[in-house]
$ cat my_file_6.cif   # mmCIF, C-alpha atoms
data_coords
loop_
_atom_site.label_atom_id
_atom_site.label_comp_id
_atom_site.auth_asym_id
_atom_site.auth_seq_id
_atom_site.Cartn_x
_atom_site.Cartn_y
_atom_site.Cartn_z
CA MET T 9 104.65 84.14 67.63
CA GLU T 10 104.34 85.20 71.25
CA GLN T 11 107.52 84.78 73.23
CA LYS T 12 107.18 82.54 76.24
CA GLU T 13 107.93 84.41 79.43
CA THR T 14 111.17 83.25 81.00
CA ARG T 15 110.69 82.75 84.70
CA GLU T 16 113.48 83.83 87.01
CA LYS T 17 114.92 81.34 89.46
CA ALA T 18 114.74 82.67 93.00
CA ILE T 19 116.11 81.83 96.43
CA LEU T 20 114.08 83.18 99.37
CA VAL T 21 115.78 84.31 102.57
CA GLY T 22 114.18 84.99 105.93
CA CYS T 23 115.60 85.90 109.31
CA GLN T 24 113.61 84.69 112.29
CA THR T 25 114.44 86.72 115.38
CA SER T 26 113.64 85.78 118.96
CA LYS T 27 110.78 88.33 118.87
CA ASP T 28 109.05 86.60 115.93
CA ASP T 29 106.07 84.34 116.48
CA VAL T 30 107.10 81.03 114.84
CA LEU T 31 103.78 80.33 113.11
CA ARG T 32 103.46 83.93 112.00
CA PHE T 33 106.98 83.85 110.55
CA SER T 34 106.31 80.66 108.57
CA TYR T 35 103.13 82.21 107.11
CA SER T 36 105.04 85.31 106.05
CA MET T 37 107.61 83.10 104.29
CA GLU T 38 104.77 81.25 102.52
CA GLU T 39 103.35 84.58 101.49
CA LEU T 40 106.77 85.61 100.14
CA ALA T 41 106.75 82.44 98.00
CA ALA T 42 103.23 83.26 96.74
CA LEU T 43 104.35 86.81 95.93
CA THR T 44 107.33 85.40 94.01
CA GLU T 45 105.02 83.11 92.00
CA THR T 46 102.76 86.08 91.24
CA ALA T 47 105.80 88.01 90.00
CA GLN T 48 106.58 85.14 87.57
CA GLY T 49 109.43 83.68 89.61
CA ASP T 50 110.21 80.05 90.47
CA VAL T 51 111.24 79.40 94.07
CA LEU T 52 114.22 77.05 94.15
CA ILE T 53 114.82 76.92 97.89
CA THR T 54 114.05 78.84 101.08
CA VAL T 55 116.86 79.74 103.47
CA VAL T 56 116.01 80.69 107.04
CA GLN T 57 118.35 81.81 109.79
CA LYS T 58 117.41 82.11 113.45
CA ARG T 59 119.15 85.00 115.21
CA GLU T 60 118.69 87.18 118.26
CA ARG T 61 118.25 90.11 115.88
CA ARG T 62 118.85 90.87 112.22
CA HIS T 63 122.49 91.59 111.33
CA PRO T 64 122.80 95.39 110.84
CA ALA T 65 125.30 95.04 107.98
CA THR T 66 124.12 91.97 106.07
CA TYR T 67 120.65 91.08 107.51
CA ILE T 68 121.82 87.46 108.03
CA GLY T 69 125.14 86.42 109.61
CA LYS T 70 128.43 86.38 107.69
CA GLY T 71 128.59 82.55 107.56
CA LYS T 72 125.05 82.40 106.19
CA VAL T 73 125.97 84.93 103.46
CA GLU T 74 128.80 82.62 102.31
CA GLU T 75 126.45 79.62 102.38
CA LEU T 76 123.93 81.62 100.36
CA ASN T 77 126.51 82.56 97.75
CA ALA T 78 127.48 78.87 97.35
CA LEU T 79 123.77 78.02 96.89
CA VAL T 80 123.39 80.71 94.23
CA GLU T 81 126.30 79.22 92.25
CA GLU T 82 125.16 75.63 92.71
CA LEU T 83 121.49 76.23 91.78
CA GLU T 84 122.28 78.94 89.19
CA ALA T 85 119.80 81.31 90.80
CA ASP T 86 119.06 84.66 89.10
CA ILE T 87 117.72 86.46 92.12
CA VAL T 88 117.74 86.37 95.93
CA ILE T 89 114.64 87.72 97.66
CA PHE T 90 114.73 88.82 101.30
CA ASN T 91 111.62 88.69 103.47
CA ASP T 92 112.10 92.15 105.02
CA GLU T 93 112.88 95.58 103.68
CA LEU T 94 116.68 95.87 103.47
CA SER T 95 118.41 99.10 104.39
CA PRO T 96 120.48 100.73 101.61
CA SER T 97 123.73 99.60 103.29
CA GLN T 98 122.53 96.00 103.84
CA LYS T 99 121.57 95.79 100.19
CA ARG T 100 124.93 97.18 99.11
CA ASN T 101 126.89 94.79 101.32
CA LEU T 102 124.92 91.77 100.16
CA ALA T 103 125.28 92.74 96.50
CA SER T 104 129.06 92.86 96.87
CA GLU T 105 129.12 89.36 98.44
CA ILE T 106 126.50 87.51 96.37
CA ASP T 107 126.60 86.89 92.65
CA ALA T 108 122.88 87.37 91.91
CA ARG T 109 120.36 90.22 91.94
CA ILE T 110 119.31 91.14 95.47
CA ILE T 111 115.80 92.40 96.12
CA ASP T 112 113.62 92.65 99.21
CA ARG T 113 109.93 92.15 99.96
CA THR T 114 109.12 95.81 99.21
CA GLN T 115 110.70 95.70 95.77
CA LEU T 116 108.89 92.44 95.02
CA ILE T 117 105.51 93.96 95.89
CA LEU T 118 106.35 97.06 93.85
CA ASP T 119 107.21 94.85 90.91
CA ILE T 120 103.84 93.06 91.10
CA PHE T 121 102.05 96.37 91.39
CA ALA T 122 103.90 97.59 88.29
CA GLN T 123 102.75 94.50 86.35
CA ARG T 124 99.17 94.85 87.53
CA ALA T 125 98.46 98.57 87.19
CA ARG T 126 96.01 99.20 84.36
CA SER T 127 94.80 102.78 84.72
CA LYS T 128 96.91 105.89 84.34
CA GLU T 129 96.51 106.60 88.03
CA GLY T 130 97.57 103.08 89.03
CA LYS T 131 100.70 103.33 86.90
CA LEU T 132 101.62 106.75 88.26
CA GLN T 133 101.16 105.62 91.85
CA VAL T 134 103.40 102.61 91.33
CA GLU T 135 106.09 104.75 89.71
CA LEU T 136 105.85 107.23 92.58
CA ALA T 137 106.37 104.44 95.13
CA GLN T 138 109.26 102.95 93.12
CA LEU T 139 111.08 106.27 92.84
CA GLN T 140 110.59 106.96 96.55
CA TYR T 141 112.12 103.56 97.22
CA ILE T 142 115.09 104.12 94.86
CA LEU T 143 116.01 107.65 95.99
CA PRO T 144 117.69 106.82 99.35
CA ARG T 145 119.36 103.78 97.73
CA LEU T 146 121.11 105.78 95.02
CA ALA T 147 123.87 107.05 97.23
CA GLY T 148 125.73 103.76 97.47
CA GLN T 149 125.99 103.32 93.73
CA GLY T 150 127.23 106.87 93.34
CA THR T 151 130.09 106.52 95.81
CA ALA T 152 131.16 103.32 94.11
CA LEU T 153 131.35 105.19 90.82
CA SER T 154 133.21 108.15 92.21
CA ARG T 155 135.96 105.91 93.61
CA LEU T 156 136.91 104.47 90.26
CA GLY T 157 140.20 106.25 90.43
CA ALA T 158 142.02 108.48 92.87
CA GLY T 159 143.97 110.56 90.37
CA ILE T 160 143.30 113.91 88.74
CA GLY T 161 140.64 113.77 86.11
CA THR T 162 138.98 110.68 87.51
CA ARG T 163 137.36 112.26 90.53
CA GLY T 164 133.80 113.38 90.34
CA PRO T 165 132.03 111.80 87.41
CA GLY T 166 130.33 109.31 89.72
CA GLU T 167 129.09 111.95 92.08
CA THR T 168 128.02 114.22 89.25
CA LYS T 169 126.08 111.36 87.69
CA LEU T 170 124.54 110.68 91.08
CA GLU T 171 123.50 114.29 91.51
CA SER T 172 121.89 114.41 88.07
CA ASP T 173 120.11 111.12 88.77
CA ARG T 174 118.81 112.54 92.02
CA ARG T 175 117.67 115.75 90.35
CA HIS T 176 115.97 113.76 87.59
CA ILE T 177 114.14 111.56 90.13
CA ARG T 178 113.06 114.54 92.23
CA ARG T 179 111.75 116.32 89.13
CA ARG T 180 109.85 113.20 88.10
CA LEU T 181 108.43 112.83 91.63
CA ASP T 182 107.10 116.41 91.51
CA ASP T 183 105.68 115.79 88.05
CA ILE T 184 103.86 112.60 89.15
CA LYS T 185 102.48 114.28 92.28
CA THR T 186 101.06 117.08 90.12
CA GLN T 187 99.43 114.60 87.72
CA LEU T 188 98.03 112.56 90.59
CA SER T 189 96.49 115.60 92.27
CA VAL T 190 94.62 116.36 89.02
CA ILE T 191 93.33 112.76 88.89
CA VAL T 192 92.27 112.93 92.55
CA GLN T 193 90.32 116.15 91.81
CA HIS T 194 88.54 114.35 88.92
CA ARG T 195 87.70 111.44 91.18
CA ASP T 196 86.41 113.83 93.84
CA ARG T 197 84.11 115.40 91.26
CA TYR T 198 82.75 111.98 90.26
CA ARG T 199 82.22 111.19 93.89
CA GLU T 200 80.43 114.48 94.47
CA ARG T 201 78.13 113.67 91.56
CA ARG T 202 77.39 110.22 92.94
CA LYS T 203 76.70 111.76 96.33
CA LYS T 204 74.36 114.32 94.79
CA ASN T 205 72.45 111.51 93.10
CA LYS T 206 72.68 109.85 96.50
CA ALA T 207 73.46 106.41 95.18
CA PHE T 208 73.97 103.94 98.02
CA GLN T 209 77.62 102.86 97.95
CA VAL T 210 79.07 99.50 98.91
CA ALA T 211 82.86 98.97 99.06
CA ILE T 212 84.45 95.51 98.97
CA VAL T 213 87.67 95.33 100.99
CA GLY T 214 89.83 92.45 102.18
CA TYR T 215 93.24 90.86 102.26
CA THR T 216 94.84 90.22 98.90
CA ASN T 217 93.53 87.04 97.22
CA ALA T 218 90.48 86.75 99.54
CA GLY T 219 88.19 86.58 96.50
CA LYS T 220 87.04 90.21 96.29
CA SER T 221 87.09 90.49 92.48
CA THR T 222 85.34 87.14 92.06
CA LEU T 223 82.57 88.31 94.38
CA PHE T 224 82.49 91.76 92.75
CA ASN T 225 82.11 90.22 89.29
CA ARG T 226 79.39 87.83 90.39
CA LEU T 227 77.43 90.49 92.30
CA SER T 228 77.63 93.09 89.55
CA GLU T 229 78.28 90.96 86.46
CA ALA T 230 81.32 93.14 85.74
CA GLU T 231 84.61 92.42 84.02
CA SER T 232 87.15 92.95 86.79
CA TYR T 233 90.36 90.93 86.44
CA GLU T 234 90.08 87.87 88.66
CA GLU T 235 92.92 85.45 89.12
CA ASN T 236 94.10 83.21 91.93
CA GLN T 237 97.07 85.50 92.53
CA LEU T 238 98.08 88.10 95.03
CA PHE T 239 97.20 91.65 93.98
CA ALA T 240 95.11 90.75 90.95
CA THR T 241 93.25 94.08 91.28
CA LEU T 242 94.96 97.43 91.54
CA ASP T 243 92.56 99.99 90.19
CA PRO T 244 89.23 100.55 91.88
CA MET T 245 86.20 99.77 89.73
CA THR T 246 82.62 100.78 90.43
CA ARG T 247 79.58 98.98 89.06
CA LYS T 248 75.82 98.81 89.63
CA LEU T 249 74.53 96.26 92.09
CA ILE T 250 70.79 95.53 92.29
CA LEU T 251 69.52 94.14 95.59
CA PRO T 252 66.60 91.63 95.69
CA SER T 253 63.90 94.30 96.09
CA GLY T 254 65.19 96.17 93.02
CA PHE T 255 67.06 98.76 95.13
CA LEU T 256 69.95 100.10 93.09
CA SER T 257 73.37 100.58 94.71
CA LEU T 258 76.94 101.01 93.50
CA VAL T 259 79.65 98.53 94.43
CA THR T 260 83.40 99.23 94.32
CA ASP T 261 86.19 96.66 94.17
CA THR T 262 89.43 97.78 95.88
CA VAL T 263 93.12 96.84 95.98
CA GLY T 264 93.98 93.94 98.31
CA PHE T 265 95.48 94.72 101.71
CA ILE T 266 98.64 92.95 102.87
CA GLN T 267 100.56 92.87 106.15
CA ASP T 268 103.82 94.81 106.24
CA LEU T 269 102.72 96.78 103.19
CA PRO T 270 105.70 98.98 102.23
CA THR T 271 105.25 102.46 103.68
CA THR T 272 105.87 104.06 100.29
CA LEU T 273 102.88 102.10 99.00
CA ILE T 274 100.49 102.87 101.83
CA ALA T 275 100.78 106.53 100.92
CA ALA T 276 100.49 105.83 97.21
CA PHE T 277 97.38 103.68 97.51
CA ARG T 278 95.65 105.87 100.07
CA SER T 279 93.71 107.60 97.29
CA THR T 280 92.70 104.23 95.84
CA LEU T 281 91.26 103.43 99.24
CA GLU T 282 89.60 106.85 99.51
CA GLU T 283 86.64 105.20 97.74
CA VAL T 284 86.12 103.18 100.89
CA LYS T 285 85.70 106.35 102.97
CA GLU T 286 82.66 107.33 100.90
CA ALA T 287 80.96 103.96 101.30
CA ASP T 288 77.66 103.52 103.13
CA LEU T 289 78.38 99.83 103.71
CA ILE T 290 81.66 97.89 103.72
CA LEU T 291 81.86 94.23 102.72
CA HIS T 292 85.00 92.83 104.35
CA VAL T 293 85.87 89.61 102.49
CA VAL T 294 87.91 87.04 104.46
CA ASP T 295 89.33 83.87 102.90
CA MET T 296 88.28 81.15 105.36
CA SER T 297 90.43 78.56 103.56
CA ASN T 298 93.65 80.38 104.47
CA PRO T 299 95.33 79.11 107.67
CA ASP T 300 96.35 82.69 108.52
CA TYR T 301 92.82 84.12 108.00
CA PHE T 302 92.68 85.57 111.53
CA HIS T 303 95.76 87.77 111.01
CA HIS T 304 94.53 88.77 107.56
CA GLU T 305 91.26 89.92 109.10
CA LYS T 306 93.15 91.85 111.79
CA THR T 307 95.45 93.48 109.20
CA VAL T 308 92.48 94.78 107.21
CA ASN T 309 90.64 96.02 110.31
CA LYS T 310 93.79 97.84 111.43
CA LEU T 311 94.15 99.55 108.03
CA LEU T 312 90.46 100.51 108.05
CA GLU T 313 91.02 102.02 111.49
CA ASP T 314 94.01 103.98 110.13
CA LEU T 315 91.79 105.29 107.33
CA ASP T 316 89.45 106.46 110.08
CA ILE T 317 86.35 104.64 108.88
CA LYS T 318 85.27 102.67 111.92
CA GLU T 319 81.84 104.35 111.83
CA ILE T 320 80.75 102.82 108.50
CA PRO T 321 78.54 99.71 108.93
CA GLN T 322 80.46 96.56 108.04
CA LEU T 323 79.44 93.08 106.94
CA THR T 324 82.16 90.42 107.25
CA VAL T 325 81.89 87.97 104.36
CA TYR T 326 83.69 84.69 105.03
CA ASN T 327 84.42 83.40 101.53
CA LYS T 328 85.52 80.02 100.07
CA LYS T 329 83.35 77.98 102.47
CA ASP T 330 83.60 75.00 100.10
CA ILE T 331 87.31 74.71 100.97
CA GLN T 332 87.10 76.04 104.54
CA HIS T 333 90.19 75.48 106.73
CA PRO T 334 89.58 72.80 109.40
CA ASP T 335 90.66 75.18 112.21
CA PHE T 336 88.49 78.06 111.03
CA VAL T 337 86.46 79.86 113.73
CA PRO T 338 84.65 83.13 112.89
CA THR T 339 85.90 86.00 115.04
CA ALA T 340 84.24 89.11 113.55
CA ASP T 341 82.29 91.39 115.87
CA THR T 342 80.17 92.60 112.93
CA PRO T 343 77.27 90.88 111.11
CA THR T 344 78.65 87.94 109.10
CA ALA T 345 77.84 85.87 106.02
CA PHE T 346 79.39 82.54 104.99
CA ILE T 347 79.57 82.04 101.25
CA SER T 348 81.32 80.60 98.26
CA ALA T 349 81.42 83.45 95.73
CA PHE T 350 80.74 80.96 92.90
CA ASP T 351 77.52 79.68 94.51
CA LYS T 352 74.40 81.44 93.21
CA ASP T 353 72.29 80.68 96.32
CA ASP T 354 75.04 81.98 98.61
CA ARG T 355 75.23 85.23 96.63
CA GLN T 356 71.45 85.62 96.80
CA ALA T 357 71.53 85.06 100.58
CA LEU T 358 74.35 87.63 100.83
CA LYS T 359 72.31 90.20 98.87
CA GLU T 360 69.34 89.59 101.20
CA LYS T 361 71.58 90.10 104.21
CA MET T 362 72.95 93.32 102.67
CA GLU T 363 69.40 94.53 102.03
CA LYS T 364 68.50 93.90 105.66
CA LEU T 365 71.47 96.01 106.79
CA VAL T 366 70.54 98.76 104.31
CA MET T 367 66.98 98.78 105.67
CA GLU T 368 68.31 99.35 109.18
CA MET T 369 69.86 102.59 107.93
CA MET T 370 66.55 103.77 106.44
CA ASP T 371 63.27 105.26 107.61
CA PRO T 372 59.92 103.55 106.90
CA TYR T 373 57.36 105.30 104.67
CA GLU T 374 53.74 104.68 103.72
CA VAL T 375 52.32 106.73 100.85
CA GLN T 376 49.49 106.84 98.30
CA VAL T 377 50.73 107.75 94.84
CA PRO T 378 48.42 108.70 91.93
CA SER T 379 48.73 106.45 88.86
CA THR T 380 49.81 109.53 86.87
CA GLU T 381 53.09 109.68 88.84
CA GLY T 382 54.83 106.99 86.74
CA LYS T 383 58.32 108.45 87.20
CA LEU T 384 57.99 108.54 90.99
CA LEU T 385 56.74 104.94 91.05
CA SER T 386 59.76 103.70 89.09
CA GLN T 387 62.04 105.73 91.40
CA LEU T 388 60.45 104.03 94.40
CA LYS T 389 61.42 100.65 92.93
CA ASN T 390 65.05 101.64 92.31
CA GLU T 391 65.86 104.22 94.97
CA THR T 392 64.01 102.86 97.97
CA ILE T 393 63.37 99.37 99.30
CA LEU T 394 59.78 98.81 98.27
CA ARG T 395 58.03 96.26 100.44
CA GLU T 396 54.44 96.61 99.24
CA LEU T 397 52.81 98.03 96.10
CA SER T 398 49.09 97.61 95.49
CA PHE T 399 46.63 99.49 93.31
CA ASP T 400 43.29 100.67 94.68
CA GLU T 401 40.72 100.71 91.83
CA GLU T 402 38.34 102.99 93.71
CA SER T 403 40.73 105.84 94.52
CA GLN T 404 43.01 105.15 91.51
CA LEU T 405 45.95 105.35 93.92
CA TYR T 406 48.95 103.06 94.49
CA GLN T 407 49.45 102.11 98.13
CA CYS T 408 53.24 101.99 98.67
CA ARG T 409 55.08 100.86 101.77
CA GLY T 410 58.80 100.63 102.15
CA PHE T 411 62.02 102.18 103.43
CA SER T 412 64.02 105.15 102.16
CA LEU T 413 67.29 106.87 103.08
CA GLU T 414 66.66 109.86 105.30
CA ASP T 415 68.83 112.28 103.29
CA HIS T 416 67.75 111.06 99.83
CA GLN T 417 65.82 113.58 97.73
CA ILE T 418 63.01 111.05 97.19
CA THR T 419 62.24 111.09 100.93
CA GLY T 420 61.40 114.78 100.60
CA GLN T 421 59.22 114.13 97.54
CA LEU T 422 57.22 111.52 99.41
CA GLN T 423 56.11 114.00 102.08
CA LYS T 424 53.20 115.26 99.98
CA PHE T 425 51.84 111.75 99.31
CA LYS T 426 51.81 110.63 102.95
CA MET T 427 48.71 108.73 104.06
#

$ encode --input "my_file_6.cif" --output "structure tokens"
Amino acid sequence: MEQKETREKAILVGCQTSKDDVLRFSYSMEELAALTETAQGDVLITVVQKRERRHPATYIGKGKVEELNALVEELEADIVIFNDELSPSQKRNLASEIDARIIDRTQLILDIFAQRARSKEGKLQVELAQLQYILPRLAGQGTALSRLGAGIGTRGPGETKLESDRRHIRRRLDDIKTQLSVIVQHRDRYRERRKKNKAFQVAIVGYTNAGKSTLFNRLSEAESYEENQLFATLDPMTRKLILPSGFLSLVTDTVGFIQDLPTTLIAAFRSTLEEVKEADLILHVVDMSNPDYFHHEKTVNKLLEDLDIKEIPQLTVYNKKDIQHPDFVPTADTPTAFISAFDKDDRQALKEKMEKLVMEMMDPYEVQVPSTEGKLLSQLKNETILRELSFDEESQLYQCRGFSLEDHQITGQLQKFKM
């Protein structure tokens, strides 16, 4: 019999400084609660302190730490989750004052990533980020160990243990980096092959939980994991997507973006997002039912800018229109589509809009193809956007009109059949 997962009881803690935008802060606390749910935790209570700035030693003030400890005892909480990344010393100080496990937002996200990673690469990248997070935080534990006694014979073991831990982690980090570089080379080779075959590539990006995987599955009829949770997808998947005219493209689902993504993770998931760099068209999915949709959109655009891919044509897809937020106003300066990913007509309209954008990147052609060129005719249906195909009995030629990508090999082949 399968064991039922025991959910940990969590208290959330946030510190609102005078610099914080009030609405923004409350959204980030809501997001922390959603992250906790995703990580199989139950939120008991949320504690917020307003301060000029975060306390350098304990993140929140001394009095609040005592109040928090009393809450932990009263509610029998297993874990206390802080809304910002704690410094090694803050974490140490809090752990000595509070009788529960202390983790911060970064660790929480890392934990979810560890649960979600499916592929070998995903798992390695999560481990890499976790080890990079642990390394600077080892020191505190080591000094605690080395001070167990002050007499002869009791000095050292702690530090020695610490050193061997550090060495072990550094060795493992090197090992993971080597394995990842091999995987990246493989992926580059796949990409080269796709480029050679000149398949048109569409990448779906967006804030976590915007509905990317749902849309990806419905557009491509694929089996990507879709769940109403943050970070349901971690590993990029690529599938075929056929546009209304029969034009064949490839669509890739990517990991969800999030504001204040831990720095260790941005580096780790760069290569997952490398797929986006190769795209010919980006679908940026925005959840229009989320009250904080505007900041989500900005976060994604900022990350796309950091990846240096502002040149790639973008279509902003406002999703979940059936449960649209009353204050929603579209703000994208790119072409837009308003859909519910579950609605068949909406998806069809989206594909038509995508096809229109693809056509704008293409050159028109008009050719006469002999009926003996069966292979070329079927290529025209899949590899170009065919607008007209008629057969002339007299000349035994097919009249074909449509659009093709300038640097696609088929464009060269068509030269000799020009009218």

$ residues_around --input "my_file_6.cif" --residues "T:Arg395" --least-positions-apart "4" --cutoff "9 Å" --atoms "all atoms listed in the file" --output "count of residues only"
5

$ closest_residue --input "my_file_6.cif" --among "T:Leu143, T:Gly219, T:Ser348, T:Thr342" --to "T:His176" --atoms "all atoms listed in the file"
T:Leu143

$ residues_around --input "my_file_6.cif" --residues "T:Ser36" --least-positions-apart "5" --cutoff "12 Å" --atoms "only C-alpha atoms" --output "list of chain:residue names"
T:Leu20, T:Val21, T:Gly22, T:Cys23, T:Gln24, T:Asp28, T:Asp29, T:Val30, T:Leu31, T:Ala41, T:Ala42, T:Leu43, T:Val56, T:Phe90, T:Asn91, T:Asp92, T:Arg113, T:Ile266, T:Gln267, T:Asp268, T:Pro299, T:Asp300, T:His303, T:His304

$ atom_distance --input "my_file_6.cif" --atom1 "atom CA of T:Leu118" --atom2 "atom CA of T:Tyr141"
9.3 Å

$ closest_residue --input "my_file_6.cif" --among "T:Glu363, T:Ser228, T:Thr339, T:Glu283" --to "T:Glu200" --atoms "only C-alpha atoms"
T:Glu283

$ build_atoms --input "my_file_6.cif" --residues "stretch 395-403 of chain T" --atoms "all heavy atoms" --output "PDB file, in the frame of the given file"
ATOM      1  N   ARG T 395      58.482  97.504  99.832  1.00  0.00           N
ATOM      2  CA  ARG T 395      58.030  96.260 100.440  1.00  0.00           C
ATOM      3  C   ARG T 395      56.614  95.888  99.995  1.00  0.00           C
ATOM      4  O   ARG T 395      56.238  94.745  99.996  1.00  0.00           O
ATOM      5  CB  ARG T 395      58.082  96.376 101.973  1.00  0.00           C
ATOM      6  CG  ARG T 395      59.475  96.113 102.527  1.00  0.00           C
ATOM      7  CD  ARG T 395      59.769  94.620 102.485  1.00  0.00           C
ATOM      8  NE  ARG T 395      61.166  94.296 102.713  1.00  0.00           N
ATOM      9  CZ  ARG T 395      62.005  93.926 101.779  1.00  0.00           C
ATOM     10  NH1 ARG T 395      61.617  93.865 100.531  1.00  0.00           N
ATOM     11  NH2 ARG T 395      63.241  93.593 102.058  1.00  0.00           N
ATOM     12  N   GLU T 396      55.814  96.907  99.636  1.00  0.00           N
ATOM     13  CA  GLU T 396      54.440  96.610  99.240  1.00  0.00           C
ATOM     14  C   GLU T 396      53.982  97.620  98.197  1.00  0.00           C
ATOM     15  O   GLU T 396      54.218  98.821  98.331  1.00  0.00           O
ATOM     16  CB  GLU T 396      53.533  96.688 100.468  1.00  0.00           C
ATOM     17  CG  GLU T 396      52.133  96.144 100.245  1.00  0.00           C
ATOM     18  CD  GLU T 396      51.233  96.452 101.440  1.00  0.00           C
ATOM     19  OE1 GLU T 396      51.595  96.061 102.579  1.00  0.00           O
ATOM     20  OE2 GLU T 396      50.209  97.118 101.254  1.00  0.00           O
ATOM     21  N   LEU T 397      53.328  97.136  97.143  1.00  0.00           N
ATOM     22  CA  LEU T 397      52.810  98.030  96.100  1.00  0.00           C
ATOM     23  C   LEU T 397      51.487  97.437  95.630  1.00  0.00           C
ATOM     24  O   LEU T 397      51.455  96.358  95.051  1.00  0.00           O
ATOM     25  CB  LEU T 397      53.818  98.100  94.941  1.00  0.00           C
ATOM     26  CG  LEU T 397      53.397  98.892  93.701  1.00  0.00           C
ATOM     27  CD1 LEU T 397      53.288 100.369  94.004  1.00  0.00           C
ATOM     28  CD2 LEU T 397      54.388  98.683  92.560  1.00  0.00           C
ATOM     29  N   SER T 398      50.396  98.120  95.942  1.00  0.00           N
ATOM     30  CA  SER T 398      49.090  97.610  95.490  1.00  0.00           C
ATOM     31  C   SER T 398      48.267  98.763  94.919  1.00  0.00           C
ATOM     32  O   SER T 398      48.415  99.913  95.350  1.00  0.00           O
ATOM     33  CB  SER T 398      48.360  96.929  96.643  1.00  0.00           C
ATOM     34  OG  SER T 398      48.229  97.837  97.721  1.00  0.00           O
ATOM     35  N   PHE T 399      47.405  98.445  93.980  1.00  0.00           N
ATOM     36  CA  PHE T 399      46.630  99.490  93.310  1.00  0.00           C
ATOM     37  C   PHE T 399      45.186  99.434  93.796  1.00  0.00           C
ATOM     38  O   PHE T 399      44.553  98.381  93.808  1.00  0.00           O
ATOM     39  CB  PHE T 399      46.695  99.275  91.789  1.00  0.00           C
ATOM     40  CG  PHE T 399      46.028 100.384  91.009  1.00  0.00           C
ATOM     41  CD1 PHE T 399      46.455 101.699  91.113  1.00  0.00           C
ATOM     42  CD2 PHE T 399      44.940 100.104  90.170  1.00  0.00           C
ATOM     43  CE1 PHE T 399      45.842 102.725  90.401  1.00  0.00           C
ATOM     44  CE2 PHE T 399      44.316 101.126  89.451  1.00  0.00           C
ATOM     45  CZ  PHE T 399      44.774 102.432  89.561  1.00  0.00           C
ATOM     46  N   ASP T 400      44.678 100.574  94.216  1.00  0.00           N
ATOM     47  CA  ASP T 400      43.290 100.670  94.680  1.00  0.00           C
ATOM     48  C   ASP T 400      42.429 101.213  93.542  1.00  0.00           C
ATOM     49  O   ASP T 400      42.537 102.389  93.182  1.00  0.00           O
ATOM     50  CB  ASP T 400      43.246 101.596  95.907  1.00  0.00           C
ATOM     51  CG  ASP T 400      41.854 101.654  96.513  1.00  0.00           C
ATOM     52  OD1 ASP T 400      40.874 101.365  95.799  1.00  0.00           O
ATOM     53  OD2 ASP T 400      41.754 101.995  97.710  1.00  0.00           O
ATOM     54  N   GLU T 401      41.568 100.331  92.978  1.00  0.00           N
ATOM     55  CA  GLU T 401      40.720 100.710  91.830  1.00  0.00           C
ATOM     56  C   GLU T 401      39.875 101.945  92.149  1.00  0.00           C
ATOM     57  O   GLU T 401      39.724 102.840  91.319  1.00  0.00           O
ATOM     58  CB  GLU T 401      39.759  99.546  91.485  1.00  0.00           C
ATOM     59  CG  GLU T 401      40.438  98.345  90.851  1.00  0.00           C
ATOM     60  CD  GLU T 401      40.818  98.586  89.401  1.00  0.00           C
ATOM     61  OE1 GLU T 401      40.342  99.557  88.802  1.00  0.00           O
ATOM     62  OE2 GLU T 401      41.635  97.787  88.879  1.00  0.00           O
ATOM     63  N   GLU T 402      39.309 101.951  93.351  1.00  0.00           N
ATOM     64  CA  GLU T 402      38.340 102.990  93.710  1.00  0.00           C
ATOM     65  C   GLU T 402      38.972 104.378  93.693  1.00  0.00           C
ATOM     66  O   GLU T 402      38.502 105.300  93.034  1.00  0.00           O
ATOM     67  CB  GLU T 402      37.787 102.689  95.101  1.00  0.00           C
ATOM     68  CG  GLU T 402      36.333 103.121  95.257  1.00  0.00           C
ATOM     69  CD  GLU T 402      35.815 102.625  96.598  1.00  0.00           C
ATOM     70  OE1 GLU T 402      35.705 101.392  96.780  1.00  0.00           O
ATOM     71  OE2 GLU T 402      35.585 103.490  97.458  1.00  0.00           O
ATOM     72  N   SER T 403      40.107 104.504  94.421  1.00  0.00           N
ATOM     73  CA  SER T 403      40.730 105.840  94.520  1.00  0.00           C
ATOM     74  C   SER T 403      41.717 106.111  93.394  1.00  0.00           C
ATOM     75  O   SER T 403      42.249 107.208  93.274  1.00  0.00           O
ATOM     76  CB  SER T 403      41.441 105.968  95.860  1.00  0.00           C
ATOM     77  OG  SER T 403      42.446 104.969  95.944  1.00  0.00           O
TER      78      SER T 403
END
